[in-house]
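*Asks:* My structure file coords.csv, CSV, C-alpha atoms, is below:
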chain,number,residue,atom,x,y,z
A,42,MET,CA,-16.3,22.9,-20.5
A,43,PHE,CA,-13.1,24.8,-21.0
A,44,ASP,CA,-14.6,28.0,-19.7
A,45,GLU,CA,-15.5,26.2,-16.4
A,46,LEU,CA,-11.9,24.9,-16.1
A,47,ARG,CA,-10.3,28.2,-17.0
A,48,PRO,CA,-10.5,29.7,-13.4
A,49,HIS,CA,-9.0,26.6,-11.9
A,50,LEU,CA,-6.2,26.5,-14.5
A,51,VAL,CA,-5.4,30.2,-13.7
A,52,GLU,CA,-5.3,29.4,-10.0
A,53,LEU,CA,-3.1,26.4,-10.6
A,54,ARG,CA,-0.7,28.4,-12.7
A,55,LYS,CA,-0.5,31.0,-9.9
A,56,ARG,CA,0.2,28.4,-7.2
A,57,LEU,CA,2.8,26.6,-9.3
A,58,GLY,CA,4.5,29.9,-10.2
A,59,LEU,CA,4.7,31.0,-6.5
A,60,SER,CA,6.0,27.5,-5.6
A,61,VAL,CA,8.7,27.7,-8.3
A,62,LEU,CA,9.7,31.2,-7.1
A,63,SER,CA,10.0,30.0,-3.5
A,64,ILE,CA,12.3,27.2,-4.6
A,65,PHE,CA,14.4,29.6,-6.7
A,66,ILE,CA,14.8,32.0,-3.7
A,67,ALA,CA,15.7,29.1,-1.4
A,68,PHE,CA,18.1,27.8,-4.0
A,69,ILE,CA,20.0,31.1,-4.1
A,70,VAL,CA,20.3,31.1,-0.3
A,71,ALA,CA,21.4,27.4,-0.3
A,72,PHE,CA,24.0,28.0,-3.0
A,73,THR,CA,25.9,30.3,-0.6
A,74,PHE,CA,26.2,27.4,1.8
A,75,HIS,CA,26.7,24.6,-0.7
A,76,GLU,CA,30.0,23.6,0.7
A,77,GLN,CA,28.5,23.0,4.2
A,78,ILE,CA,25.5,21.2,2.6
A,79,LEU,CA,27.8,19.0,0.5
A,80,GLU,CA,29.9,18.2,3.6
A,81,TRP,CA,26.7,17.1,5.4
A,82,ILE,CA,25.5,15.0,2.4
A,83,THR,CA,28.9,13.2,2.0
A,84,ALA,CA,29.3,12.5,5.7
A,85,PRO,CA,27.8,8.9,5.5
A,86,LEU,CA,29.9,8.2,2.4
A,87,ASN,CA,33.1,9.4,4.1
A,88,ALA,CA,32.3,7.3,7.1
A,89,ALA,CA,31.9,4.2,5.0
A,90,LEU,CA,35.2,4.9,3.1
A,91,ASP,CA,37.0,5.3,6.5
A,92,GLN,CA,35.6,1.9,7.5
A,93,VAL,CA,37.0,0.5,4.2
A,94,ALA,CA,40.4,1.9,5.0
A,95,GLU,CA,40.4,0.3,8.5
A,96,ILE,CA,39.2,-3.1,7.2
A,97,SER,CA,41.3,-3.5,4.1
A,98,LYS,CA,44.5,-1.8,5.3
A,99,LYS,CA,45.3,-0.9,1.7
A,100,ALA,CA,47.8,1.7,0.6
A,101,ALA,CA,45.3,3.1,-1.9
A,102,ASN,CA,42.2,3.9,0.2
A,103,GLY,CA,38.8,4.7,-1.3
A,104,MET,CA,38.1,8.3,-2.4
A,105,VAL,CA,35.4,10.5,-3.9
A,106,THR,CA,36.1,11.6,-7.4
A,107,THR,CA,34.6,13.6,-10.3
A,108,HIS,CA,34.6,12.6,-14.0
A,109,GLN,CA,33.6,15.9,-15.4
A,110,VAL,CA,35.5,19.2,-16.0
A,111,GLY,CA,32.7,21.2,-14.3
A,112,GLY,CA,31.7,18.4,-11.9
A,113,ALA,CA,32.2,20.4,-8.7
A,114,PHE,CA,30.1,23.2,-10.1
A,115,PHE,CA,27.2,21.0,-11.2
A,116,VAL,CA,27.3,19.1,-7.8
A,117,ALA,CA,27.0,22.5,-6.1
A,118,LEU,CA,23.9,23.3,-8.2
A,119,LYS,CA,22.4,19.9,-7.4
A,120,VAL,CA,22.9,20.1,-3.6
A,121,SER,CA,21.7,23.7,-3.6
A,122,PHE,CA,18.5,22.8,-5.5
A,123,PHE,CA,17.9,19.9,-3.1
A,124,ALA,CA,18.4,22.1,-0.1
A,125,GLY,CA,16.2,24.8,-1.7
A,126,LEU,CA,13.4,22.3,-2.3
A,127,LEU,CA,13.5,21.3,1.4
A,128,GLY,CA,13.6,24.9,2.5
A,129,ALA,CA,10.6,25.8,0.4
A,130,LEU,CA,8.5,22.8,1.3
A,131,PRO,CA,6.3,24.5,3.9
A,132,PHE,CA,5.5,27.2,1.4
A,133,ILE,CA,4.8,24.7,-1.3
A,134,LEU,CA,2.4,22.8,1.0
A,135,TYR,CA,0.7,26.1,1.8
A,136,GLN,CA,0.2,26.8,-1.9
A,137,ILE,CA,-1.3,23.3,-2.4
A,138,TRP,CA,-3.7,24.0,0.4
A,139,LEU,CA,-4.7,27.3,-1.1
A,140,PHE,CA,-5.5,25.6,-4.4
A,141,ILE,CA,-7.8,23.0,-2.9
A,142,ALA,CA,-9.3,25.3,-0.2
A,143,PRO,CA,-12.1,26.8,-2.4
A,144,GLY,CA,-13.6,23.3,-2.6
A,145,LEU,CA,-13.7,22.7,1.1
A,146,TYR,CA,-16.2,23.6,3.8
A,147,ALA,CA,-15.5,26.3,6.3
A,148,ASN,CA,-14.5,24.0,9.1
A,149,GLU,CA,-12.2,22.1,6.8
A,150,LYS,CA,-10.4,25.3,5.7
A,151,LYS,CA,-9.3,25.8,9.3
A,152,MET,CA,-7.0,22.7,8.9
A,153,ILE,CA,-4.4,24.7,7.0
A,154,LEU,CA,-1.9,24.8,9.8
A,155,PRO,CA,-2.1,21.1,10.6
A,156,PHE,CA,-1.6,20.3,6.9
A,157,VAL,CA,1.4,22.6,6.4
A,158,ILE,CA,3.1,22.0,9.8
A,159,GLY,CA,2.2,18.3,9.9
A,160,GLY,CA,3.2,17.7,6.3
A,161,SER,CA,6.5,19.5,6.8
A,162,ILE,CA,7.4,17.7,10.0
A,163,MET,CA,6.7,14.3,8.6
A,164,PHE,CA,8.7,15.0,5.5
A,165,PHE,CA,11.7,16.1,7.5
A,166,VAL,CA,11.3,13.1,9.8
A,167,GLY,CA,11.5,10.9,6.7
A,168,VAL,CA,14.6,12.7,5.5
A,169,LEU,CA,16.3,12.4,8.9
A,170,PHE,CA,15.4,8.7,9.2
A,171,ALA,CA,16.9,8.1,5.8
A,172,TYR,CA,20.1,10.1,6.7
A,173,TYR,CA,20.8,8.7,10.1
A,174,ILE,CA,19.4,5.1,9.8
A,175,VAL,CA,19.2,4.0,6.2
A,176,THR,CA,22.2,5.5,4.4
A,177,PRO,CA,24.9,4.5,7.1
A,178,PHE,CA,23.8,0.9,6.9
A,179,GLY,CA,23.3,0.9,3.2
A,180,PHE,CA,26.6,2.6,2.2
A,181,GLN,CA,28.7,0.7,4.7
A,182,PHE,CA,27.4,-2.6,3.3
A,183,LEU,CA,27.7,-1.7,-0.3
A,184,ILE,CA,31.1,-0.1,-0.1
A,185,THR,CA,32.8,-2.5,2.3
A,186,PHE,CA,31.6,-5.5,0.3
A,187,GLY,CA,34.5,-6.5,-1.9
A,188,SER,CA,36.8,-3.9,-0.4
A,189,PHE,CA,39.5,-6.5,-0.1
A,190,LEU,CA,39.6,-6.9,-3.9
A,191,TYR,CA,38.7,-3.4,-5.2
A,192,THR,CA,39.5,0.2,-4.3
A,193,PRO,CA,36.2,2.2,-4.2
A,194,LEU,CA,36.4,5.3,-6.3
A,195,ILE,CA,33.0,7.0,-5.9
A,196,ASN,CA,31.8,9.5,-8.5
A,197,ILE,CA,30.4,12.5,-6.6
A,198,GLU,CA,27.8,13.3,-9.3
A,199,ASP,CA,26.3,9.8,-9.1
A,200,TYR,CA,26.4,9.8,-5.4
A,201,VAL,CA,24.6,13.1,-5.0
A,202,GLY,CA,21.9,12.0,-7.4
A,203,PHE,CA,21.5,8.7,-5.6
A,204,PHE,CA,21.6,10.2,-2.2
A,205,THR,CA,18.9,12.8,-2.9
A,206,LYS,CA,16.7,10.2,-4.5
A,207,ILE,CA,16.7,8.1,-1.3
A,208,LEU,CA,16.1,11.1,1.0
A,209,MET,CA,13.2,12.5,-1.2
A,210,GLY,CA,11.7,9.0,-1.4
A,211,PHE,CA,11.7,8.6,2.4
A,212,GLY,CA,10.4,12.1,2.8
A,213,LEU,CA,7.4,11.5,0.5
A,214,ALA,CA,6.8,8.1,2.1
A,215,PHE,CA,6.5,9.6,5.5
A,216,GLU,CA,3.7,11.9,4.2
A,217,LEU,CA,1.4,8.9,4.0
A,218,PRO,CA,-0.3,9.4,7.5
A,219,VAL,CA,-0.8,13.1,6.7
A,220,PHE,CA,-2.5,12.6,3.4
A,221,ALA,CA,-4.5,9.7,4.8
A,222,TYR,CA,-5.8,12.0,7.6
A,223,PHE,CA,-7.0,14.7,5.2
A,224,LEU,CA,-8.5,12.2,2.7
A,225,ALA,CA,-10.4,10.8,5.6
A,226,LEU,CA,-11.4,14.3,6.7
A,227,LEU,CA,-12.8,14.9,3.2
A,228,GLY,CA,-14.7,11.6,3.4
A,229,LEU,CA,-12.8,10.0,0.5
A,230,VAL,CA,-11.4,7.0,2.5
A,231,THR,CA,-12.4,4.9,5.5
A,232,ASP,CA,-10.4,2.5,7.6
A,233,LYS,CA,-12.1,-0.3,5.8
A,234,THR,CA,-10.9,1.1,2.5
A,235,LEU,CA,-7.3,1.0,3.7
A,236,ILE,CA,-7.7,-2.5,5.2
A,237,ASP,CA,-9.2,-3.9,2.0
A,238,PHE,CA,-6.3,-2.4,0.1
A,239,PHE,CA,-3.6,-3.7,2.5
A,240,ARG,CA,-2.4,-6.7,0.5
A,241,TYR,CA,-1.9,-4.5,-2.6
A,242,ALA,CA,-0.3,-1.8,-0.5
A,243,ILE,CA,2.3,-4.3,0.7
A,244,LEU,CA,3.2,-5.2,-2.9
A,245,ILE,CA,3.4,-1.5,-3.9
A,246,ILE,CA,5.5,-0.7,-0.9
A,247,PHE,CA,8.2,-3.3,-1.7
A,248,ILE,CA,8.2,-2.3,-5.4
A,249,VAL,CA,8.7,1.3,-4.4
A,250,ALA,CA,11.4,0.3,-1.9
A,251,ALA,CA,13.2,-1.7,-4.6
A,252,LEU,CA,13.1,1.3,-7.0
A,253,LEU,CA,14.3,3.9,-4.6
A,254,THR,CA,17.0,2.0,-2.7
A,255,PRO,CA,20.3,0.2,-3.7
A,256,PRO,CA,20.0,-3.3,-5.0
A,257,ASP,CA,20.5,-5.0,-1.6
A,258,VAL,CA,17.9,-6.6,0.7
A,259,LEU,CA,19.0,-4.7,3.8
A,260,THR,CA,18.3,-1.2,2.5
A,261,GLN,CA,15.1,-2.3,0.9
A,262,LEU,CA,13.8,-3.6,4.2
A,263,LEU,CA,14.9,-0.5,6.0
A,264,MET,CA,12.5,1.4,3.6
A,265,ALA,CA,9.7,-1.1,3.3
A,266,LEU,CA,9.2,-1.9,7.0
A,267,PRO,CA,8.7,1.7,8.1
A,268,LEU,CA,6.3,2.2,5.2
A,269,VAL,CA,4.3,-0.8,6.4
A,270,VAL,CA,4.2,0.7,9.9
A,271,LEU,CA,3.1,4.0,8.5
A,272,TYR,CA,0.4,2.4,6.5
A,273,GLY,CA,-0.8,0.7,9.7
A,274,ALA,CA,-0.7,4.1,11.5
A,275,SER,CA,-2.7,5.6,8.7
A,276,ILE,CA,-5.4,3.0,9.2
A,277,LEU,CA,-5.7,3.9,12.9
A,278,ILE,CA,-5.8,7.6,12.0
A,279,VAL,CA,-8.5,7.2,9.4
A,280,LYS,CA,-10.5,5.0,11.8
A,281,MET,CA,-10.5,7.9,14.3
A,282,VAL,CA,-11.4,10.5,11.7
A,283,ASN,CA,-13.8,8.7,9.3
A,284,PRO,CA,-14.6,5.2,10.6
A,285,TYR,CA,-16.5,2.8,8.4
A,286,VAL,CA,-20.1,2.5,9.3
A,287,GLU,CA,-21.9,-0.7,8.4
A,288,GLU,CA,-25.2,-0.3,6.5
A,289,GLU,CA,-28.3,-1.5,8.2
A,290,ASP,CA,-29.4,-4.9,7.1
A,291,ASN,CA,-32.4,-5.4,4.9
A,292,GLU,CA,-34.6,-6.7,7.8
A,293,GLU,CA,-34.1,-3.5,9.8
A,294,SER,CA,-34.8,-1.3,6.8
A,295,GLU,CA,-37.9,-3.2,6.0
A,296,GLU,CA,-39.2,-3.0,9.6
A,297,SER,CA,-38.6,0.8,9.6
A,298,LYS,CA,-40.5,1.1,6.3
A,299,THR,CA,-43.4,-1.0,7.7
A,300,HIS,CA,-43.5,1.1,10.8
A,301,GLN,CA,-43.6,4.3,8.8
A,302,ASN,CA,-46.5,2.9,6.6
A,303,ASP,CA,-48.5,1.9,9.7
A,304,ASN,CA,-48.0,5.3,11.3
A,305,PRO,CA,-48.6,7.9,8.5
Kindly transcribe the structure held in the file into structure tokens.
*Replies:*
Amino acid sequence: MFDELRPHLVELRKRLGLSVLSIFIAFIVAFTFHEQILEWITAPLNAALDQVAEISKKAANGMVTTHQVGGAFFVALKVSFFAGLLGALPFILYQIWLFIAPGLYANEKKMILPFVIGGSIMFFVGVLFAYYIVTPFGFQFLITFGSFLYTPLINIEDYVGFFTKILMGFGLAFELPVFAYFLALLGLVTDKTLIDFFRYAILIIFIVAALLTPPDVLTQLLMALPLVVLYGASILIVKMVNPYVEEEDNEESEESKTHQNDNP
């Protein structure tokens, strides 16, 4: 059994190695621009802090701080790795496809470009949705709440980790229609499968939204509602690719058997 798995393990190691190498190269490139990347990442936070300053009219406005001696350096590494992961995403998806391609039919192997391009586009759409829609509302609500009583001092290490988790979560969530399409293409799911699983999917979606977002209802809804819409879109996509076909009832099957027996 192990001998049968050995070629697949070797291939998996090769694809993982190339993916890690692509992330490392993209990380080095991103590190040279880490200041610009960090400025882009902290823009929603700074906007929320500016709003706090306008509302509270305090002498001591909110600010971004670091609690570590090498905090700025480690933050630069984190944002560079995050940017490197985004930059290497198309190549990683390409490696995933090459790993599963040997088990596909010839016509299915031709779907490599839709998989790589579609997967990359949907991931970046999720990231941009989180950046321009979710984080401004979420941060402004969380930071301005209680700003009359407290001065917000935001730790940059915690913020970067929290921010990247939200963006990665939305990016992965927006991959749902892409993966549903290819699962349907492989005949693994039908529209009926997704419809029957819908009630459980709603529960899972809200649990995931609660884990990946701040502990406020607004931000959780901003993540859960698009996921519900994406799940509905996935049902429509799967219905076009691999629709559920009802089995013939027993009477029709019996009639066909009788007809075959009468006409040998």
*Asks:* With distances taken over all atoms listed in the file, which of A:Gly202, A:Pro48, A:Pro267, A:Gly58 is nearest to Phe170 (chain A)?
*Replies:* A:Pro267
*Asks:* Between A:Leu235, A:Tyr173, A:Ile141, A:Phe132, which one has atoms that come closest to Ser161 (chain A), using all atoms listed in the file?
*Replies:* A:Phe132
*Asks:* CA of Leu252 (chain A) and CA of Phe122 (chain A), how far apart in Å?
*Replies:*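 Pair CA of Phe122 (chain A) / CA of Leu252 (chain A) returns 22.2 Å.
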*Asks:* To one decimal place in Å, what is the distance between CA of Ser60 (chain A) and CA of Ile133 (chain A)?
*Replies:*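 That distance, rounded to one decimal, is 5.3 Å.
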*Asks:* Quick one: distance from CA of Arg56 (chain A) to CA of Val120 (chain A) in Å, one decimal?
*Replies:*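 Taking CA of Arg56 (chain A) as the start and CA of Val120 (chain A) as the end point, the length is 24.4 Å.
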*Asks:* Could you check which residues have any atom within 12 Å of (2.9, 29.9, -7.6), counting all atoms listed in the file with coordinates taken straight from the file, and then list them as a list in words?
*Replies:*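 Protein and nucleic acid residues near the point are Leu50, Val51, Glu52, Leu53, Arg54, Lys55, Arg56, Leu57, Gly58, Leu59, Ser60, Val61, Leu62, Ser63, Ile64, Phe65, Ala129, Phe132, Ile133, Leu134, Tyr135, Gln136, Ile137, Trp138, Leu139 and Phe140 of chain A.
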*Asks:* Go through A:Gly111, A:Val166, A:Lys151, A:Val70 one by one, measure the shortest atom-to-atom distance of each to Ala124 (chain A) using all atoms listed in the file, and give the residue with the smallest value.
*Replies:*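 Smallest distance to Ala124 (chain A) is found for A:Val70.
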*Asks:* Compare A:Asp199, A:Glu76, A:Glu287, A:Asp91 by their minimum atom-to-atom distance to Gly112 (chain A), counting all atoms listed in the file, and give me the closest one.
*Replies:*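 Answer, going by the shortest atom-to-atom distance: A:Asp199.
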*Asks:* Measuring atom to atom with all atoms listed in the file, identify which of A:His75, A:Lys206, A:Arg240, A:His49 is nearest to Thr254 (chain A).
*Replies:*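 Checking each of A:His75, A:Lys206, A:Arg240, A:His49 against Thr254 (chain A), counting all atoms listed in the file, the winner is A:Lys206.
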*Asks:* Which neighbours of Leu213 (chain A) fall inside 10 Å, counting only C-alpha atoms, when residues of the same chain fewer than 6 positions from it are skipped, and could you give them as a PDB file with C-alpha atoms, keeping the file's coordinate frame?
*Replies:*
ATOM      1  CA  GLY A 160       3.200  17.700   6.300  1.00  0.00           C
ATOM      2  CA  MET A 163       6.700  14.300   8.600  1.00  0.00           C
ATOM      3  CA  PHE A 164       8.700  15.000   5.500  1.00  0.00           C
ATOM      4  CA  PHE A 165      11.700  16.100   7.500  1.00  0.00           C
ATOM      5  CA  GLY A 167      11.500  10.900   6.700  1.00  0.00           C
ATOM      6  CA  VAL A 168      14.600  12.700   5.500  1.00  0.00           C
TER       7      VAL A 168
END
*Asks:* Given all atoms listed in the file as the basis, pick out the residue of A:Val116, A:Met104, A:Phe123, A:Val157 nearest to Ala71 (chain A).
*Replies:*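 Residue with the minimum atom-to-atom distance to Ala71 (chain A): A:Phe123.
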*Asks:* For a cutoff of 7 Å around the file-coordinate point (26.0, 16.8, -6.9), which residues qualify once you count all atoms listed in the file? I'd like the result as a list in words.
*Replies:* Phe115, Val116, Ala117, Leu118, Lys119, Val120, Ile197, Glu198, Val201 and Gly202 of chain A
*Asks:* May I have the residues within 8 Å of Pro218 (chain A) as a list in words, using only C-alpha atoms and disregarding those fewer than 4 positions away in the same chain?
*Replies:*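 That gives Tyr222, Leu271, Tyr272, Ala274, Ser275 and Ile278 of chain A.
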